[in-house]
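Since the structure comes first, as structure tokens, the remarks are kept for the end.
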Amino acid sequence: MSKPMQDLELVSVTKRYGPTVAVDAINHRFKPSSYTCLLGPSGCGKSSTLRMIAGHETVSDGSILLSGRDISGLAPAKRGTAMMFQNYALFPHLSVVDNVAFSLKMKGVDVKSRRQKAGEMLELVDLSALSDRLPDQLSGGQQQRVALARALITRPEVLLLDEPLSALDPFLRIRMRAELKKLQKELGISFIHVTHGQDEALALADEIVVMNDAVIEQAGTARDVFNAPTTSFVAQFIGGHNVLTLPTGKFSIRTDAVELTAAAKGKLNAHVAAIEYQGTHVSVLAHTPENQEVTSLVAEADFFTTPHSPGDAIGLTWDEANLHQLTA
Amino acid sequence: MMKLRANNALTGWLMVSPLALVLLAFLVAPIVMISIVSFWRATEFSIIPDFVWENYEFLFGSSVTYRVFFNTFKYALITWAFTFAIGFTVAYYLAFHIRSMTWQVALFLLCTIPFWTSNIIRMISWIPFLGRNGIANSALMSWGVIDEPVEWLLFSDFAVILAFVHLYTLFMVVPIFNTMMRIDKSLIEAARDGGANGAQILWNVILPLTKPGIMIGTIFVTTLVMGDFITVRFMSGSQSANVGRLISNDIALLQYPSASATAIVLLLTVLIVIGILLRFVDIRKEL
């Protein structure tokens, strides 16, 4: 908050565990005051990357720069980062207010003023009423707010969140992600959020960094990544895409950009393999004679004006502008 | 419906009865027996069933009793302090500094090796080590630390406490190690993230979360030391006494009523100590 131009940069950051490489020389510059999601399947190195930024893993090679200084050798609390842990890691023997005040206690701030500061933080996350409870007596969502307040009280330049929503039920997850986003805007600091849920990443992130096999596959705004995935991994992982092998190469196309036509009228011939009703849309899975699977997402009303059933021969067509060539 | 419920109650009683019978026969009955006998009368050559308070009157009237109880508490306290210091350190090292599970298990088993032999043998094996011409004395003399054999090594309070610590430290290590292993490692990281250094983590996170284990270990050590008589006899060379020795002497003289009265007082004392300890820490979540 004091320095609005925090600017986090990874310079060929590498993490090796023995012979295995968990993070392979990644470079990335996180935009200041933005919400970034590290997205990828489990084991892709996203958590290791976050933990290296936080200082809970050593960096095998490369450096991490925050506001121009190399923080990769510093203790976690000296870095200007704060971490919110996956299972929140609240101290079970301390009350909510003492959990939040923990870092102040470590600094030697006296009881009265640290409790007061913690109280202000709890107000920010709307938990003042529960400040004397123990973590066990809170719901998952409340525990998460405590964890958030505990991380924010250190006035970090960058807040690191390790799968913060994975322990919540779907309903609460959607509510909490709106709150996280709002909080980030209010505080104006950078949030780096690790997740394996593409919907979470799309909903929250100003910038998405997709990781796979220890490297960054693609980074960009949520819209750019979703509309123009550059590799077939990203296209498949982000969801809502078909990967087509055409004579001119490999392409991705959004499932809702694929239209159904009468048989032999489209760019590809296919027959319907399965139909799934999804409420607002109907998802039609088609197989081409070359055995490619193509999904077309058709608006519900359109589908039922010309309904199809499994086995029907159909044509598939699209606007060329929606095709994106893939590099891998 | 009623029948089913009656059946359920019956099944319940049947299920608890084996344990209840065992406890009744081997725990409750002997204690009842001892408390009954503690009110009997005894002369040098006979024991007379009766209901008199003279055993208790004699016990509380004698200054020996207070000295011996004081000694018993002294042993318990000093032994507790050492077993706690050693036990906590060992458990902490095993739980937080040994990274691989295999090594943790291996080193933990190493700690239990002394338990493969009997208490008495472990105790007696100190004697040639600590004796006047024992290994300790000869080593110290050959290093030039001392000129003549140190007398207080054996048959002294030092020897008693040394043996107690040797015998009972594991009872402190096991519950503390067990509790420490349940501490979520991310709590340590969270503490470090909040700027805590090693000592602060130990004091503010690990110690409070280990309290139940410490308490269980404390109960083990305290009750074992307070009930002991053989260690005190061997290691003090019959020069010191604790309550256990008082009882064993009475039994040797066939003074069963007096022994029973002392046993009852000791039992109540230990129960009070445990009661006080349990006021400090709730160990239920550990069990």
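Naming works like this for the structure tokens: A, B, ... for the chains as they're shown, residue 1 at the start of each chain, ligands 1 onward in shown order.
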
With only C-alpha atoms counted and 6 Å as the cut-off, give the residues of chain A in contact with chain B, each with its shortest interatomic distance in Å and the pair that gives it, as CSV.
```
residue,atom,partner,partner_atom,distance
A:Pro76,CA,B:Asp193,CA,5.2
A:Ala77,CA,B:Gly195,CA,4.6
A:Ala89,CA,B:Leu187,CA,5.1
A:Ser103,CA,B:Gly194,CA,4.3
A:Met106,CA,B:Ala196,CA,5.5
```

Take the residues that were just selected and, keeping N, CA and C atoms, output them as a compact mmCIF listing (two decimals), in the first residue's frame.
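Produced file selection_4.txt, reproduced below:
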```txt
# COMPACT_ATOMS: atom_id res chain seq x y z
N PRO A 76 10.83 -15.44 4.76
CA PRO A 76 9.47 -15.15 4.26
C PRO A 76 8.91 -13.81 4.72
N ALA A 77 9.15 -13.47 5.99
CA ALA A 77 8.52 -12.25 6.51
C ALA A 77 9.24 -10.99 6.04
N ALA A 89 -4.26 -22.90 7.74
CA ALA A 89 -3.19 -22.98 8.75
C ALA A 89 -3.39 -21.97 9.88
N SER A 103 1.58 -11.92 13.77
CA SER A 103 2.82 -11.35 13.24
C SER A 103 3.22 -10.10 14.01
N MET A 106 4.97 -11.25 17.08
CA MET A 106 6.34 -11.65 16.79
C MET A 106 7.26 -10.44 16.69
```

Residues near Met33 of chain B, cut-off 10 Å, only C-alpha atoms, skip fewer than 5 positions along chain, as an MDAnalysis selection string: chainID B and resid 28 38 260

Interatomic distance (Å, one decimal) between atom CA of Ile121 of chain B and atom CA of Phe164 of chain B: 13.3 Å

Name all residues at most 8 Å from segment 162-169 of chain A (count only C-alpha atoms; drop same-chain ones fewer than 4 positions away) and give them as a PyMOL selection string. chain A and resi 47+50+83-88+140-141+144+173+176-177+193-196

Contacts of segment 93-109 of chain B within 7 Å, only C-alpha atoms, excl. fewer than 6 positions in-chain, as a compact mmCIF listing (two decimals) with N, CA and C atoms, in the first residue's frame:
```
# COMPACT_ATOMS: atom_id res chain seq x y z
N PHE B 177 6.16 -36.86 21.31
CA PHE B 177 6.42 -37.10 19.90
C PHE B 177 5.11 -37.31 19.14
N MET B 180 3.39 -34.02 18.70
CA MET B 180 4.12 -33.17 17.75
C MET B 180 3.90 -33.62 16.31
N MET B 181 3.80 -34.94 16.13
CA MET B 181 3.61 -35.44 14.77
C MET B 181 2.26 -35.01 14.21
```

Hey, what's within 10 Å of Phe129 of chain B if we count only C-alpha atoms and toss same-chain stuff fewer than 6 positions away? As an MDAnalysis selection string, please? chainID B and resid 135:138 153:154

Work out how far atom CA of Ser72 of chain A is from atom CA of Ile53 of chain A, in Å to one decimal.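 Between atom CA of Ile53 of chain A and atom CA of Ser72 of chain A the gap is 7.3 Å.
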
Run DSSP on the backbone and grab whatever in segment 86-296 of chain A lands in alpha helix (DSSP H); send it over as a PyMOL selection string. chain A and resi 96-100+102-107+111-124+140-152+170-187+198-204+222-227+232-238

I want to know what sits within 9 Å of Gln292 of chain A, based on only C-alpha atoms, with residues of the same chain fewer than 6 positions away left out; could you give that as an mmCIF file with N, CA and C atoms, in the first residue's frame?
```cif
data_model
loop_
_atom_site.group_PDB
_atom_site.id
_atom_site.type_symbol
_atom_site.label_atom_id
_atom_site.label_comp_id
_atom_site.auth_asym_id
_atom_site.auth_seq_id
_atom_site.Cartn_x
_atom_site.Cartn_y
_atom_site.Cartn_z
ATOM 1 N N VAL A 243 -9.927 -28.917 -30.264
ATOM 2 C CA VAL A 243 -8.644 -28.876 -30.959
ATOM 3 C C VAL A 243 -8.826 -29.656 -32.256
ATOM 4 N N LEU A 244 -8.712 -28.952 -33.383
ATOM 5 C CA LEU A 244 -8.963 -29.572 -34.678
ATOM 6 C C LEU A 244 -7.651 -29.761 -35.426
ATOM 7 N N THR A 245 -7.503 -30.929 -36.016
ATOM 8 C CA THR A 245 -6.368 -31.123 -36.912
ATOM 9 C C THR A 245 -6.903 -30.992 -38.333
ATOM 10 N N ALA A 270 -19.720 -34.986 -40.183
ATOM 11 C CA ALA A 270 -19.633 -35.720 -38.912
ATOM 12 C C ALA A 270 -20.970 -36.358 -38.634
ATOM 13 N N ALA A 286 -19.807 -34.502 -31.735
ATOM 14 C CA ALA A 286 -19.859 -35.114 -33.060
ATOM 15 C C ALA A 286 -18.540 -35.809 -33.363
#
```

Residues within 9 Å of Phe229 of chain B, only C-alpha atoms, excluding chain neighbours under 2 positions, as a list in words: Val225, Met226, Gly227, Thr231, Val232, Arg233, Phe234, Ala241, Asn242, Val243, Gly244, Arg245, Leu246, Ile247 and Ser248 of chain B

Which is closest to Phe220 of chain B among B:Pro175, B:Gly237, B:Pro18, B:Pro257, if we use only C-alpha atoms?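 Between B:Pro175, B:Gly237, B:Pro18, B:Pro257, the residue approaching Phe220 of chain B most closely is B:Pro175.
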
As number ranges by chain, list the residues of segment 20-221 of chain B assigned to strand (DSSP E or B) by DSSP on the backbone atoms of this structure. B: 41-42, 47-48

Write the residues of the preceding selection, restricted to N, CA and C atoms, as a short mmCIF file (atom, residue, chain, number, x, y, z; two decimals), in the first residue's frame.
```cif
data_model
loop_
_atom_site.label_atom_id
_atom_site.label_comp_id
_atom_site.auth_asym_id
_atom_site.auth_seq_id
_atom_site.Cartn_x
_atom_site.Cartn_y
_atom_site.Cartn_z
N ARG B 41 -6.62 -53.65 62.78
CA ARG B 41 -5.63 -53.47 63.81
C ARG B 41 -4.54 -54.51 63.67
N ALA B 42 -3.33 -54.15 64.10
CA ALA B 42 -2.26 -55.15 64.01
C ALA B 42 -1.39 -55.04 65.24
N ILE B 47 -3.01 -59.91 63.08
CA ILE B 47 -3.79 -58.88 62.41
C ILE B 47 -5.24 -59.11 62.78
N ILE B 48 -5.90 -58.04 63.28
CA ILE B 48 -7.26 -58.22 63.79
C ILE B 48 -8.23 -57.38 62.98
#
```
